[in-house]
2 protein chains.
Amino acid sequence: MHPDLEPIAFLVGTWRGEGRGVYPTIASFEYGEEIRFAAVPGKPFLSYQQRTWALDDQRPLHAETGYWRPKPDGRLEVVLAHPTGVSEIEEGSVSGGVIDLTATSIGLTATAKEVTGLTRRLELVGDDVLRYEVQLAAAGQPLQGHLTAELRRVDEA
Amino acid sequence: MHPDLEPIAFLVGTWRGEGRGVYPTIASFEYGEEIRFAAVPGKPFLSYQQRTWALDDQRPLHAETGYWRPKPDGRLEVVLAHPTGVSEIEEGSVSGGVIDLTATSIGLTATAKEVTGLTRRLELVGDDVLRYEVQLAAAGQPLQGHLTAELRRVDEA
């Protein structure tokens, strides 16, 4: 593993759990989720793949994919693609097991729904539990709580 | 497969081949490449994963990941993340086996190298050969030829 990855090495592996989504413009919903962070030999980033599903019938819901790039002094850069027609640069910090990110660039396709802001906080609890919360500004609404989830490490690679 | 995917259904599968990169600011290089397009049950997009490697020692070079979203009237939207700190929205058209895309939004992390423009053309040749070319504006240079590659379908799923 590239030495620059040390601050986020704790993310490597497969995580599975459940989350809950709320927003003023939609009905609240619960979801199952799997996240996989993987190193590429010699490269200073982790690849990231996420997918969620409905708890009732397991139909696919959202997905995200991208790359996490740790930088000196605890800085962290994340590049994400969403199948909803949204691309994102998120930037922030990692300290201990806590990661704070804010979207610094959001790209939208012509048919995407409007997204104007996003923050993300992840926290490692113990060695094998990952909690996150996402705040979202979209559909004309101000930045506010959107997603909370708790995942457990199910595979170390 | 979602019916909206019909115009790009020919992409589904795994493709492998070789390409060549040129640019005024770097030495020319050749690379091996694998691309995988996959459908998600019921969803109107294809997931996309790409990786390249050096032909001499197989060390990883570039990678890309994202989603391809066909829209009515032959329009196509693509959302991409690059581990170099670049996010992209590409938009364009698909007609027969020819896809033309232009970056309409480019996001950069604080430490990413400057990229200001990109176009991409893919062409299906016969049933199982995919050729592409990428033009790039980066490092202060105008938009110009950067990558050409030819891949062969190695797996249909």
# chains A, B, ... in the order shown; residues from 1 in each chain; ligands from 1
$ interface_residues --of "chain B" --to "chain A" --cutoff "10 Å" --atoms "only C-alpha atoms" --output "ChimeraX atom specification"
/B:40-49,59-69,71,76-91,104-112
$ residues_around --residues "Arg120 in chain B" --least-positions-apart "3" --cutoff "9 Å" --atoms "only C-alpha atoms" --output "list in words"
Glu90, Ile99, Asp100, Leu101, Thr102, Ala103, Tyr132, Glu133, Val134, Gln135 and Leu136 of chain B
$ write_last_selection --atoms "C-alpha atoms" --output "PDB file, in the first residue's frame"
ATOM      1  CA  GLU B  90     -19.555  14.641 -20.456  1.00  0.00           C
ATOM      2  CA  ILE B  99     -20.604   7.967 -29.487  1.00  0.00           C
ATOM      3  CA  ASP B 100     -19.431  11.582 -29.352  1.00  0.00           C
ATOM      4  CA  LEU B 101     -18.952  13.280 -25.978  1.00  0.00           C
ATOM      5  CA  THR B 102     -17.713  16.682 -24.801  1.00  0.00           C
ATOM      6  CA  ALA B 103     -16.902  17.627 -21.201  1.00  0.00           C
ATOM      7  CA  TYR B 132     -11.848   5.388 -29.083  1.00  0.00           C
ATOM      8  CA  GLU B 133      -9.982   8.646 -29.207  1.00  0.00           C
ATOM      9  CA  VAL B 134      -9.720  11.296 -26.495  1.00  0.00           C
ATOM     10  CA  GLN B 135      -8.771  14.918 -27.109  1.00  0.00           C
ATOM     11  CA  LEU B 136      -7.524  16.840 -24.087  1.00  0.00           C
TER      12      LEU B 136
END
$ select_by_dssp --residues "range 3-156 of chain A" --states "strand (DSSP E)" --output "VMD selection string"
chain A and resid 13 to 23 26 to 39 46 to 54 60 to 70 75 to 82 86 to 95 98 to 108 115 to 125 129 to 138 144 to 155
$ residues_around --residues "Ala137 in chain A" --least-positions-apart "3" --cutoff "10 Å" --atoms "only C-alpha atoms" --output "list in words"
Tyr23, Glu114, Val115, Thr116, Gly117, Leu118, Thr119, Gly140, Gln141, Pro142, Leu143, Gln144, Gly145 and His146 of chain A
$ atom_distance --atom1 "CA of Lys113 in chain B" --atom2 "CA of Ile26 in chain B"
13.2 Å
$ residues_around --residues "Ser95 in chain A" --least-positions-apart "2" --cutoff "9 Å" --atoms "only C-alpha atoms" --output "list in words"
Pro7, Gly74, Arg75, Ser93, Gly97, Val98, Ile99 and Asp100 of chain A
$ write_last_selection --atoms "all heavy atoms" --output "short mmCIF file (atom, residue, chain, number, x, y, z; two decimals), in the first residue's frame"
data_model
loop_
_atom_site.label_atom_id
_atom_site.label_comp_id
_atom_site.auth_asym_id
_atom_site.auth_seq_id
_atom_site.Cartn_x
_atom_site.Cartn_y
_atom_site.Cartn_z
N PRO A 7 -3.31 7.60 6.57
CA PRO A 7 -4.41 8.22 7.35
C PRO A 7 -5.79 7.62 7.08
O PRO A 7 -6.69 7.76 7.92
CB PRO A 7 -4.36 9.69 6.90
CG PRO A 7 -2.98 9.90 6.39
CD PRO A 7 -2.58 8.59 5.76
N GLY A 74 -3.21 16.00 6.97
CA GLY A 74 -4.55 15.54 7.26
C GLY A 74 -5.61 15.97 6.29
O GLY A 74 -6.80 15.81 6.55
N ARG A 75 -5.19 16.52 5.15
CA ARG A 75 -6.19 16.89 4.15
C ARG A 75 -6.64 15.65 3.36
O ARG A 75 -5.90 14.67 3.23
CB ARG A 75 -5.61 17.94 3.19
CG ARG A 75 -5.53 19.33 3.84
CD ARG A 75 -4.88 20.33 2.89
NE ARG A 75 -3.50 19.96 2.62
CZ ARG A 75 -2.96 19.92 1.41
NH1 ARG A 75 -3.67 20.24 0.35
NH2 ARG A 75 -1.69 19.58 1.25
N SER A 93 -10.90 16.92 5.74
CA SER A 93 -9.82 16.47 6.60
C SER A 93 -10.10 15.08 7.15
O SER A 93 -11.24 14.64 7.23
CB SER A 93 -9.66 17.45 7.77
OG SER A 93 -10.84 17.42 8.57
N GLY A 97 -10.03 8.65 13.47
CA GLY A 97 -11.03 7.94 12.68
C GLY A 97 -12.16 8.82 12.20
O GLY A 97 -13.22 8.31 11.84
N VAL A 98 -11.95 10.14 12.20
CA VAL A 98 -13.03 11.05 11.80
C VAL A 98 -12.68 11.76 10.50
O VAL A 98 -11.60 12.35 10.37
CB VAL A 98 -13.31 12.10 12.90
CG1 VAL A 98 -14.40 13.07 12.46
CG2 VAL A 98 -13.70 11.40 14.20
N ILE A 99 -13.60 11.71 9.55
CA ILE A 99 -13.42 12.35 8.25
C ILE A 99 -14.54 13.36 8.06
O ILE A 99 -15.72 13.05 8.22
CB ILE A 99 -13.47 11.30 7.12
CG1 ILE A 99 -12.22 10.41 7.19
CG2 ILE A 99 -13.60 11.95 5.76
CD1 ILE A 99 -12.25 9.22 6.24
N ASP A 100 -14.15 14.60 7.72
CA ASP A 100 -15.12 15.65 7.41
C ASP A 100 -14.88 16.15 5.99
O ASP A 100 -13.76 16.53 5.65
CB ASP A 100 -14.98 16.83 8.38
CG ASP A 100 -15.75 16.60 9.67
OD1 ASP A 100 -16.98 16.43 9.58
OD2 ASP A 100 -15.12 16.56 10.73
#
